[in-house]
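S.K.: Got a structure for you, final-v2.txt, holding compact mmCIF, C-alpha atoms.
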# COMPACT_ATOMS: atom_id res chain seq x y z
CA MET H 1 19.38 -25.78 26.06
CA ASP H 2 16.04 -27.06 24.69
CA LYS H 3 14.87 -23.46 24.38
CA ILE H 4 17.96 -22.47 22.43
CA GLN H 5 17.69 -25.48 20.12
CA ALA H 6 14.01 -24.73 19.42
CA ALA H 7 14.90 -21.12 18.65
CA LYS H 8 17.68 -22.24 16.30
CA GLU H 9 15.30 -24.53 14.40
CA HIS H 10 12.68 -21.78 14.19
CA PHE H 11 15.14 -19.18 12.92
CA THR H 12 16.61 -21.66 10.43
CA LYS H 13 13.17 -22.08 8.88
CA VAL H 14 12.69 -18.30 8.70
CA VAL H 15 16.05 -17.87 6.95
CA GLU H 16 15.32 -20.68 4.49
CA GLU H 17 12.00 -19.07 3.54
CA GLN H 18 13.66 -15.72 2.95
CA LEU H 19 16.46 -17.22 0.87
CA ALA H 20 13.80 -18.83 -1.33
CA ARG H 21 12.10 -15.45 -1.66
CA VAL H 22 15.36 -13.85 -2.78
CA ALA H 23 15.74 -16.54 -5.43
CA ARG H 24 12.23 -15.79 -6.73
CA MET H 25 12.98 -12.06 -6.89
CA LYS H 26 16.06 -12.74 -8.99
CA GLU H 27 13.91 -14.61 -11.53
CA ASP H 28 10.87 -12.27 -11.59
CA THR H 29 11.81 -9.49 -13.99
CA GLU H 30 8.95 -9.46 -16.54
CA VAL H 31 6.60 -6.47 -16.21
CA VAL H 32 3.00 -6.42 -17.48
CA ASP H 33 2.34 -3.96 -20.31
CA TYR H 34 -1.35 -3.05 -19.95
CA ALA H 35 -1.41 -1.37 -23.35
CA LYS H 36 -0.81 -4.75 -24.99
CA LEU H 37 -3.59 -6.61 -23.16
CA ASP H 38 -6.78 -7.41 -25.08
CA LYS H 39 -8.72 -7.27 -21.81
CA ILE H 40 -7.89 -5.83 -18.39
CA ILE H 41 -9.59 -7.67 -15.53
CA ILE H 42 -10.33 -5.61 -12.39
CA GLY H 43 -11.15 -7.68 -9.31
CA CYS H 44 -13.19 -6.03 -6.54
CA CYS H 45 -12.76 -7.28 -2.95
CA GLY H 46 -15.04 -5.62 -0.42
CA GLY H 47 -13.21 -6.87 2.66
CA ASP H 48 -14.57 -6.31 6.19
CA GLY H 49 -16.46 -3.69 8.18
CA ILE H 50 -17.19 -0.67 6.02
CA GLY H 51 -15.11 -2.15 3.22
CA PRO H 52 -17.94 -3.56 1.08
CA ALA H 53 -19.88 -0.28 1.31
CA ILE H 54 -17.07 2.04 0.25
CA THR H 55 -15.61 -0.37 -2.32
CA ALA H 56 -18.99 -0.62 -4.04
CA GLU H 57 -19.13 3.17 -4.41
CA ALA H 58 -15.59 3.32 -5.81
CA GLU H 59 -16.50 0.57 -8.27
CA ARG H 60 -19.54 2.61 -9.39
CA VAL H 61 -17.23 5.53 -10.13
CA LEU H 62 -14.86 3.28 -12.08
CA ARG H 63 -17.69 1.77 -14.08
CA ALA H 64 -19.00 5.25 -14.91
CA VAL H 65 -15.69 6.64 -16.12
CA LEU H 66 -14.82 3.41 -17.99
CA LYS H 67 -18.31 2.87 -19.42
CA GLU H 68 -17.25 2.67 -23.06
CA ASP H 69 -14.39 0.28 -22.36
CA VAL H 70 -16.62 -1.98 -20.25
CA GLU H 71 -19.19 -2.10 -23.05
CA SER H 72 -16.51 -2.90 -25.63
CA GLY H 73 -15.07 -5.71 -23.50
CA LYS H 74 -11.70 -4.01 -22.96
CA ILE H 75 -12.41 -3.79 -19.20
CA GLU H 76 -14.02 -6.58 -17.15
CA PHE H 77 -15.02 -6.31 -13.49
CA ARG H 78 -15.09 -9.39 -11.28
CA GLN H 79 -16.51 -9.65 -7.74
CA ILE H 80 -14.35 -11.53 -5.22
CA GLU H 81 -16.54 -12.17 -2.21
CA GLY H 82 -14.48 -14.38 0.07
CA LEU H 83 -11.85 -12.05 1.53
CA THR H 84 -13.67 -11.69 4.88
CA ILE H 85 -12.53 -12.17 8.43
CA GLU H 86 -15.11 -14.94 8.89
CA ASN H 87 -13.76 -16.95 5.94
CA ARG H 88 -10.18 -16.37 6.96
CA ILE H 89 -10.78 -17.54 10.52
CA ALA H 90 -12.71 -20.59 9.28
CA VAL H 91 -9.71 -21.84 7.27
CA ASN H 92 -7.09 -20.27 9.56
CA LYS H 93 -5.38 -18.50 6.64
CA ALA H 94 -4.73 -14.87 5.81
CA ILE H 95 -6.19 -15.49 2.34
CA PRO H 96 -8.23 -18.65 1.63
CA ASP H 97 -6.78 -20.65 -1.26
CA ASP H 98 -9.85 -20.29 -3.48
CA VAL H 99 -9.91 -16.53 -2.92
CA LEU H 100 -6.21 -16.23 -3.77
CA ALA H 101 -6.85 -18.13 -7.00
CA GLU H 102 -9.64 -15.67 -7.91
CA ILE H 103 -7.35 -12.74 -7.15
CA LYS H 104 -4.55 -14.14 -9.31
CA ALA H 105 -6.99 -14.50 -12.22
CA CYS H 106 -7.25 -10.67 -12.30
CA HIS H 107 -4.71 -8.08 -13.40
CA VAL H 108 -5.49 -5.43 -10.78
CA ILE H 109 -7.45 -5.50 -7.53
CA LEU H 110 -9.61 -2.80 -5.96
CA LYS H 111 -9.60 -3.86 -2.30
CA GLY H 112 -11.55 -2.62 0.69
CA PRO H 113 -10.02 -2.63 4.19
CA THR H 114 -9.73 -5.97 5.98
CA THR H 115 -9.68 -6.77 9.69
CA THR H 116 -6.64 -8.40 11.30
CA PRO H 117 -7.45 -9.96 14.69
CA SER H 118 -5.03 -9.27 17.49
CA LYS H 119 -3.94 -12.12 19.72
CA GLY H 120 -6.59 -11.16 22.26
CA ASP H 121 -9.40 -11.07 19.70
CA GLY H 122 -8.98 -14.41 18.00
CA PRO H 123 -6.53 -16.69 16.18
CA ASN H 124 -3.08 -15.51 15.19
CA ILE H 125 -3.96 -14.94 11.52
CA GLU H 126 -1.60 -12.86 9.43
CA SER H 127 -2.82 -9.60 7.93
CA ALA H 128 -4.57 -10.18 4.60
CA ASN H 129 -2.75 -7.10 3.27
CA VAL H 130 0.65 -8.45 4.23
CA ALA H 131 -0.18 -11.85 2.76
CA MET H 132 -1.49 -10.36 -0.49
CA ARG H 133 1.59 -8.19 -0.89
CA ARG H 134 3.77 -11.25 -0.40
CA GLU H 135 1.74 -13.70 -2.55
CA LEU H 136 1.45 -11.22 -5.43
CA ASP H 137 4.90 -9.72 -4.79
CA LEU H 138 3.49 -6.19 -4.57
CA PHE H 139 6.78 -4.64 -3.60
CA ALA H 140 5.97 -0.93 -3.98
CA ASN H 141 3.36 0.77 -1.81
CA VAL H 142 2.89 4.19 -3.41
CA ARG H 143 1.01 6.84 -1.41
CA PRO H 144 0.59 10.39 -2.74
CA VAL H 145 -0.29 13.26 -0.40
CA ALA H 146 -1.06 16.76 -1.65
CA VAL H 147 -2.07 20.02 0.03
CA PRO H 148 -1.43 22.53 -2.78
CA GLU H 149 -2.27 25.63 -0.75
CA GLU H 150 0.52 24.69 1.69
CA GLY H 151 3.05 23.72 -0.97
CA ILE H 152 2.80 20.01 -0.11
CA ASP H 153 3.17 17.53 -2.96
CA TRP H 154 4.62 14.32 -1.52
CA THR H 155 4.88 10.82 -2.95
CA PHE H 156 5.95 8.00 -0.65
CA PHE H 157 7.50 4.76 -1.89
CA ARG H 158 7.15 2.30 0.96
CA GLU H 159 8.87 -1.07 0.54
CA ASN H 160 6.00 -3.51 0.83
CA THR H 161 7.34 -7.07 1.19
CA GLU H 162 10.16 -6.91 3.71
CA GLY H 163 10.98 -5.36 7.07
CA GLU H 164 9.09 -6.28 10.22
CA TYR H 165 5.80 -6.82 8.41
CA ALA H 166 7.11 -9.64 6.23
CA LEU H 167 7.99 -11.63 9.34
CA GLY H 168 5.31 -10.32 11.66
CA SER H 169 3.75 -13.73 12.17
CA LYS H 170 7.13 -15.52 12.29
CA GLY H 171 8.30 -14.34 15.71
CA ILE H 172 9.05 -16.70 18.56
CA ALA H 173 8.33 -16.71 22.29
CA ILE H 174 11.38 -18.30 23.93
CA ASP H 175 9.58 -18.67 27.24
CA GLU H 176 7.24 -16.65 29.46
CA ASP H 177 9.97 -14.03 29.94
CA MET H 178 11.28 -13.43 26.41
CA SER H 179 9.99 -13.01 22.84
CA PHE H 180 11.65 -12.17 19.55
CA ASP H 181 10.34 -10.71 16.31
CA PHE H 182 12.40 -10.38 13.14
CA LYS H 183 13.20 -7.84 10.43
CA VAL H 184 14.58 -8.66 6.99
CA ILE H 185 16.15 -6.40 4.34
CA THR H 186 17.48 -7.78 1.06
CA THR H 187 19.56 -6.32 -1.73
CA GLN H 188 16.97 -7.26 -4.35
CA GLY H 189 14.00 -5.88 -2.39
CA THR H 190 15.70 -2.60 -1.60
CA ARG H 191 17.10 -2.05 -5.07
CA ARG H 192 13.74 -2.40 -6.80
CA ILE H 193 11.88 -0.04 -4.43
CA ALA H 194 14.68 2.50 -4.72
CA LYS H 195 14.62 2.25 -8.50
CA ALA H 196 10.83 2.72 -8.49
CA ALA H 197 11.18 5.91 -6.41
CA PHE H 198 13.95 7.39 -8.53
CA ASP H 199 12.22 6.46 -11.80
CA PHE H 200 9.09 8.22 -10.57
CA ALA H 201 11.11 11.30 -9.63
CA ARG H 202 12.81 11.43 -13.03
CA ASN H 203 9.62 10.77 -15.02
CA ASN H 204 7.58 13.35 -13.11
CA GLY H 205 10.06 16.22 -12.95
CA LYS H 206 10.83 15.86 -9.25
CA LYS H 207 14.12 17.25 -8.03
CA SER H 208 14.72 15.37 -4.79
CA VAL H 209 14.38 11.99 -3.06
CA ALA H 210 14.62 11.52 0.70
CA ILE H 211 15.74 8.15 2.09
CA ILE H 212 14.19 7.40 5.50
CA THR H 213 15.78 4.93 7.95
CA LYS H 214 17.05 4.47 11.49
CA ALA H 215 20.43 3.34 10.20
CA ASN H 216 22.29 4.74 13.19
CA ILE H 217 20.63 2.09 15.37
CA LEU H 218 19.66 -0.77 13.02
CA LYS H 219 23.00 -0.93 11.26
CA LYS H 220 22.65 -4.26 9.45
CA THR H 221 19.12 -3.82 8.06
CA ASP H 222 18.48 -0.08 7.82
CA GLY H 223 22.17 0.42 7.12
CA LYS H 224 21.88 -1.91 4.14
CA PHE H 225 18.73 -0.13 2.92
CA LEU H 226 20.48 3.25 3.09
CA GLU H 227 23.62 2.04 1.34
CA ILE H 228 21.74 0.43 -1.55
CA CYS H 229 19.47 3.47 -2.06
CA TYR H 230 22.53 5.68 -2.41
CA ASP H 231 24.04 3.20 -4.86
CA VAL H 232 20.87 3.30 -7.00
CA ALA H 233 20.92 7.12 -6.80
CA LYS H 234 24.19 7.16 -8.75
CA ASP H 235 22.17 6.42 -11.90
CA TYR H 236 20.09 9.59 -11.35
CA PRO H 237 22.68 12.38 -11.07
CA GLU H 238 20.10 15.12 -11.73
CA ILE H 239 18.16 14.23 -8.56
CA GLN H 240 19.22 15.53 -5.16
CA VAL H 241 19.41 12.79 -2.52
CA ASP H 242 19.23 13.21 1.24
CA ASP H 243 18.72 10.77 4.08
CA TRP H 244 16.82 11.33 7.30
CA PHE H 245 16.14 9.34 10.42
CA VAL H 246 12.50 8.39 10.78
CA ASP H 247 12.01 10.31 14.03
CA ILE H 248 13.39 13.52 12.51
CA ILE H 249 11.33 13.26 9.33
CA SER H 250 8.18 12.69 11.37
CA ALA H 251 8.88 16.01 13.08
CA ASN H 252 9.80 17.79 9.83
CA LEU H 253 6.53 16.83 8.15
CA ILE H 254 4.63 18.95 10.66
CA ASN H 255 7.17 21.77 10.50
CA GLU H 256 5.59 24.33 8.18
CA LYS H 257 8.96 26.01 7.59
CA VAL H 258 10.60 23.00 5.93
CA ARG H 259 7.99 20.44 4.86
CA SER H 260 7.34 21.95 1.43
CA GLN H 261 10.97 21.17 0.52
CA TYR H 262 10.26 17.43 0.29
CA GLU H 263 8.97 15.66 -2.82
CA VAL H 264 9.66 11.92 -3.01
CA PHE H 265 10.40 9.57 -0.12
CA VAL H 266 11.66 5.98 -0.09
CA LEU H 267 11.22 4.03 3.14
CA PRO H 268 11.35 0.52 4.61
CA ASN H 269 8.03 -1.11 5.37
CA LEU H 270 7.19 -0.18 8.97
CA TYR H 271 8.38 3.42 8.75
CA GLY H 272 6.43 3.86 5.52
CA ASP H 273 3.23 2.72 7.20
CA ILE H 274 3.60 5.13 10.11
CA ILE H 275 4.87 8.16 8.22
CA THR H 276 2.25 7.96 5.46
CA ASP H 277 -0.54 7.90 8.05
CA GLU H 278 0.95 11.06 9.54
CA ALA H 279 1.14 12.61 6.08
CA ALA H 280 -2.46 11.64 5.32
CA GLN H 281 -3.57 13.32 8.54
CA ILE H 282 -1.94 16.55 7.35
CA GLN H 283 -3.89 16.18 4.10
CA GLY H 284 -7.17 15.89 5.98
CA GLY H 285 -7.20 12.45 7.58
CA VAL H 286 -6.56 8.84 6.61
CA GLY H 287 -10.04 8.78 5.10
CA THR H 288 -8.79 11.05 2.30
CA ALA H 289 -5.90 8.87 1.18
CA GLY H 290 -5.61 5.91 -1.15
CA SER H 291 -2.61 3.81 -1.99
CA ALA H 292 -1.20 1.70 -4.79
CA ASN H 293 0.49 -1.64 -4.19
CA VAL H 294 2.45 -2.40 -7.32
CA GLY H 295 4.36 -5.44 -8.51
CA ASN H 296 5.70 -6.60 -11.84
CA ARG H 297 2.67 -8.76 -12.63
CA TYR H 298 -0.13 -7.78 -10.24
CA SER H 299 -1.24 -4.56 -8.55
CA MET H 300 -3.70 -3.80 -5.75
CA PHE H 301 -5.32 -0.47 -4.85
CA GLU H 302 -6.85 0.32 -1.47
CA ALA H 303 -7.66 2.88 1.20
CA ILE H 304 -5.02 3.32 3.88
CA HIS H 305 -7.46 3.26 6.80
CA GLY H 306 -8.95 0.28 8.61
CA SER H 307 -12.30 -1.51 8.41
CA ALA H 308 -14.01 0.57 11.15
CA PRO H 309 -15.98 -2.37 12.61
CA ARG H 310 -17.80 -0.11 15.08
CA MET H 311 -19.51 1.67 12.19
CA LEU H 312 -20.80 -1.68 10.96
CA GLU H 313 -21.89 -2.71 14.45
CA THR H 314 -23.97 0.45 14.78
CA GLY H 315 -25.40 0.24 11.27
CA ARG H 316 -23.58 3.34 10.03
CA GLN H 317 -21.70 1.77 7.12
CA ILE H 318 -23.93 3.60 4.63
CA TYR H 319 -22.49 6.86 5.97
CA ALA H 320 -18.85 5.75 5.57
CA ASN H 321 -16.86 8.15 3.39
CA PRO H 322 -15.75 6.43 0.14
CA ALA H 323 -13.27 9.21 -0.75
CA SER H 324 -10.25 7.08 0.11
CA MET H 325 -11.44 4.20 -2.06
CA ILE H 326 -12.29 6.57 -4.92
CA LYS H 327 -8.77 7.97 -4.59
CA ALA H 328 -7.50 4.38 -4.84
CA ALA H 329 -9.61 3.95 -7.98
CA GLU H 330 -7.99 7.07 -9.44
CA LEU H 331 -4.55 5.55 -8.81
CA LEU H 332 -5.73 2.31 -10.44
CA LEU H 333 -6.74 4.20 -13.58
CA ARG H 334 -3.31 5.80 -13.85
CA HIS H 335 -1.60 2.46 -13.41
CA ILE H 336 -3.50 0.70 -16.20
CA GLY H 337 -2.97 3.53 -18.68
CA TYR H 338 -5.93 5.89 -18.29
CA PRO H 339 -4.34 9.12 -17.01
CA GLN H 340 -6.98 11.43 -18.52
CA LYS H 341 -9.82 9.47 -16.93
CA ALA H 342 -7.86 9.50 -13.67
CA ASP H 343 -7.71 13.29 -13.89
CA GLN H 344 -11.49 13.35 -14.40
CA VAL H 345 -11.97 11.31 -11.22
CA LEU H 346 -9.50 13.44 -9.27
CA ASN H 347 -11.22 16.69 -10.24
CA ALA H 348 -14.68 15.27 -9.54
CA LEU H 349 -13.47 13.93 -6.19
CA LYS H 350 -12.24 17.39 -5.23
CA THR H 351 -15.66 18.83 -6.06
CA ALA H 352 -17.36 16.20 -3.91
CA ASN H 353 -14.97 16.80 -1.01
CA ASP H 354 -15.71 20.53 -1.21
CA THR H 355 -19.49 20.26 -1.51
CA VAL H 356 -20.72 17.06 0.19
CA LYS H 357 -20.82 16.98 3.98
CA MET H 358 -19.66 13.61 5.29
CA THR H 359 -19.86 13.04 9.04
CA GLY H 360 -20.03 9.28 9.30
CA ARG H 361 -23.50 9.63 10.81
CA SER H 362 -27.08 10.34 9.79
CA ASP H 363 -26.50 14.09 10.06
CA GLY H 364 -24.29 13.88 6.98
CA ALA H 365 -24.47 12.45 3.49
CA THR H 366 -24.34 8.77 2.65
CA GLY H 367 -21.48 7.20 0.75
CA ALA H 368 -23.81 6.70 -2.20
CA GLU H 369 -24.67 10.41 -2.25
CA PHE H 370 -20.96 11.26 -2.19
CA ALA H 371 -20.24 8.88 -5.08
CA ASN H 372 -23.23 10.28 -7.00
CA CYS H 373 -21.65 13.73 -6.76
CA VAL H 374 -18.36 12.37 -8.10
CA ILE H 375 -20.11 10.63 -11.01
CA GLU H 376 -22.17 13.70 -11.88
CA ASN H 377 -18.97 15.77 -12.10
CA LEU H 378 -16.83 13.41 -14.14
For the file at hand, write its structure as structure tokens.

M.R.:
Amino acid sequence: MDKIQAAKEHFTKVVEEQLARVARMKEDTEVVDYAKLDKIIIGCCGGDGIGPAITAEAERVLRAVLKEDVESGKIEFRQIEGLTIENRIAVNKAIPDDVLAEIKACHVILKGPTTTPSKGDGPNIESANVAMRRELDLFANVRPVAVPEEGIDWTFFRENTEGEYALGSKGIAIDEDMSFDFKVITTQGTRRIAKAAFDFARNNGKKSVAIITKANILKKTDGKFLEICYDVAKDYPEIQVDDWFVDIISANLINEKVRSQYEVFVLPNLYGDIITDEAAQIQGGVGTAGSANVGNRYSMFEAIHGSAPRMLETGRQIYANPASMIKAAELLLRHIGYPQKADQVLNALKTANDTVKMTGRSDGATGAEFANCVIENL
């Protein structure tokens, strides 16, 4: 009975936290208009492993393409040094309080990959990514994947603040024989990610949106997500809507006969993480992909791969490919209202990918040489 009572008290706390989050979502409706800001502040967090190396190269590209606006004071860059695994372990927090305050003083964040220790590697510290998405309410994780020669032009809208990831550090071990983790889906969280996906489809001439769930098994959570997405779809009658189970869509993305039929996807958190890594691999690997994490007030842009600590341990961080972070920088430019400069970066990045040999070792180019090629071709 003591075990059951402890579990009840634990779950009660989890529910109370989520009810408070729902209340905050109901109140948070104001969206930043970057065109009206006198100054846009871009914070740069290097992170862990190869993160500082590749983030620095992406920042160089941003500074080059935004040179006039930096000189005029319209754009300001700020360095945020403290988002490291060492600092996070020292204070036993996913994001140290002083670092979070620095982040919140910026409008957008360019963030390198961060390390999350597993239970066997150190303390049970929550992912810095998960914490940042929650603290800044970055509800939309937007990941584009394109392979034009194969007819692939996909944009994924992954819900970023709910699902298993939101409660990943809130699970409970009942005893040595049993453990529980939790998943949460809310009306407010689902409606806003669905609206973001359908707005993107409408504004960019896309004809279809695919809803991805496992609603046949997870009827209360995924079932709710599916139902609300279809309800939102009623406001977009010109867009075709289909729904797919996550296992089937993972197979269809590697099926050359059908994959070019897809355009926009909307997915709960965990499925979005897995499926977009698969999609990035089709594009050329996770090292080629960047992602946007967008909220009403703040936004964060990052690579989708990890911190590659082994490259740091062997002194190879200078050979880490910054393409994913430069792609993230391109997405950042679009978000803050510089689509033409984003196109310049995208075209220059393609040239660099086609001409610079990156191997991750001394037999290939350095990240700085790759970024130099991008800058020279802006």

S.K.: For the interface of segment 270-377 of chain H with segment 139-151 of chain H (cut-off 8 Å, counting only C-alpha atoms), please tabulate each contacting residue of segment 270-377 of chain H alongside its nearest pair of atoms and their separation in Å to one decimal, rows sorted by chain and increasing number, as JSON lines.

M.R.:
{"residue": "H:Thr276", "atom": "CA", "partner": "H:Arg143", "partner_atom": "CA", "distance": 7.1}
{"residue": "H:Ala279", "atom": "CA", "partner": "H:Val145", "partner_atom": "CA", "distance": 6.7}
{"residue": "H:Ala280", "atom": "CA", "partner": "H:Val145", "partner_atom": "CA", "distance": 6.3}
{"residue": "H:Gln283", "atom": "CA", "partner": "H:Val147", "partner_atom": "CA", "distance": 5.9}
{"residue": "H:Ala289", "atom": "CA", "partner": "H:Val145", "partner_atom": "CA", "distance": 7.3}
{"residue": "H:Gly290", "atom": "CA", "partner": "H:Arg143", "partner_atom": "CA", "distance": 6.7}
{"residue": "H:Ser291", "atom": "CA", "partner": "H:Arg143", "partner_atom": "CA", "distance": 4.8}
{"residue": "H:Ala292", "atom": "CA", "partner": "H:Val142", "partner_atom": "CA", "distance": 5.0}
{"residue": "H:Asn293", "atom": "CA", "partner": "H:Asn141", "partner_atom": "CA", "distance": 4.4}
{"residue": "H:Val294", "atom": "CA", "partner": "H:Ala140", "partner_atom": "CA", "distance": 5.1}
{"residue": "H:Gly295", "atom": "CA", "partner": "H:Phe139", "partner_atom": "CA", "distance": 5.5}

S.K.: Ala196 of chain H: which residues within 9 Å, counting all atoms listed in the file, same-chain residues fewer than 5 positions away excluded, as number ranges by chain?

M.R.: H: 140, 157, 191, 201

S.K.: Find, counting all atoms listed in the file, the residue in H:Tyr34, H:Phe156, H:Phe301, H:Trp244 that gets nearest to Leu226 of chain H.

M.R.: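 When distances to Leu226 of chain H are compared using all atoms listed in the file, the smallest one comes from H:Trp244.
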
S.K.: When you draw a straight line from atom CA of Asp69 of chain H to atom CA of Tyr338 of chain H, how long is it in Å?

M.R.: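 Value for the atom CA of Asp69 of chain H-atom CA of Tyr338 of chain H distance: 10.9 Å.
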
S.K.: Using Å and a single decimal, report how far atom CA of Gly47 of chain H sits from atom CA of Ile304 of chain H.

M.R.: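 One can read the atom CA of Ile304 of chain H to atom CA of Gly47 of chain H distance as 13.1 Å.
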
S.K.: Can you pull out the residues contacting Met311 of chain H? Cut-off 8 Å, using all atoms listed in the file, and skip same-chain residues under 6 positions away; I want them as a short mmCIF file (atom, residue, chain, number, x, y, z; two decimals) with C-alpha atoms, in the frame of the given file.

M.R.:
data_model
loop_
_atom_site.label_atom_id
_atom_site.label_comp_id
_atom_site.auth_asym_id
_atom_site.auth_seq_id
_atom_site.Cartn_x
_atom_site.Cartn_y
_atom_site.Cartn_z
CA GLY H 49 -16.46 -3.69 8.18
CA ILE H 50 -17.19 -0.67 6.02
CA GLN H 317 -21.70 1.77 7.12
CA ALA H 320 -18.85 5.75 5.57
#

S.K.: Have a look at H:Val108, H:Phe77, H:Asp363, H:Thr29 and name the one nearest to Arg334 of chain H; count only C-alpha atoms.

M.R.: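 Closest candidate: H:Val108.
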
S.K.: So, with all atoms listed in the file as the atoms that count, which of H:Val14, H:Gly82, H:Leu253, H:Ala58 lies closest to Gly168 of chain H?

M.R.: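 Of the candidates, the smallest distance to Gly168 of chain H is held by H:Val14.
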
S.K.: List the spatial neighbours of Ile54 of chain H as JSON, numbers by chain - criterion: any atom at most 8 Å away, only C-alpha atoms, same-chain residues fewer than 2 positions off excluded.

M.R.: {"H": [46, 50, 51, 52, 56, 57, 58, 112, 320, 321, 322, 325, 367]}

S.K.: Go ahead and dump the residues you just picked, C-alpha atoms, as a tab-separated table (two decimals), keeping the file's coordinate frame.

M.R.:
chain	number	residue	atom	x	y	z
H	46	GLY	CA	-15.04	-5.62	-0.42
H	50	ILE	CA	-17.19	-0.67	6.02
H	51	GLY	CA	-15.11	-2.15	3.22
H	52	PRO	CA	-17.94	-3.56	1.08
H	56	ALA	CA	-18.99	-0.62	-4.04
H	57	GLU	CA	-19.13	3.17	-4.41
H	58	ALA	CA	-15.59	3.32	-5.81
H	112	GLY	CA	-11.55	-2.62	0.69
H	320	ALA	CA	-18.85	5.75	5.57
H	321	ASN	CA	-16.86	8.15	3.39
H	322	PRO	CA	-15.75	6.43	0.14
H	325	MET	CA	-11.44	4.20	-2.06
H	367	GLY	CA	-21.48	7.20	0.75

S.K.: Using atom CA of Ala128 of chain H and atom CA of Thr55 of chain H as the two end points, give the distance in Å to one decimal.

M.R.: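 Going from atom CA of Ala128 of chain H over to atom CA of Thr55 of chain H covers 16.3 Å.
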
S.K.: Please determine, counting only C-alpha atoms, which residue among H:Val130, H:Cys45, H:Ile109, H:Ile103 has the shortest atom-to-atom distance to Leu331 of chain H.

M.R.: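 Looking only at the distances to Leu331 of chain H, the closest residue turns out to be H:Ile109.
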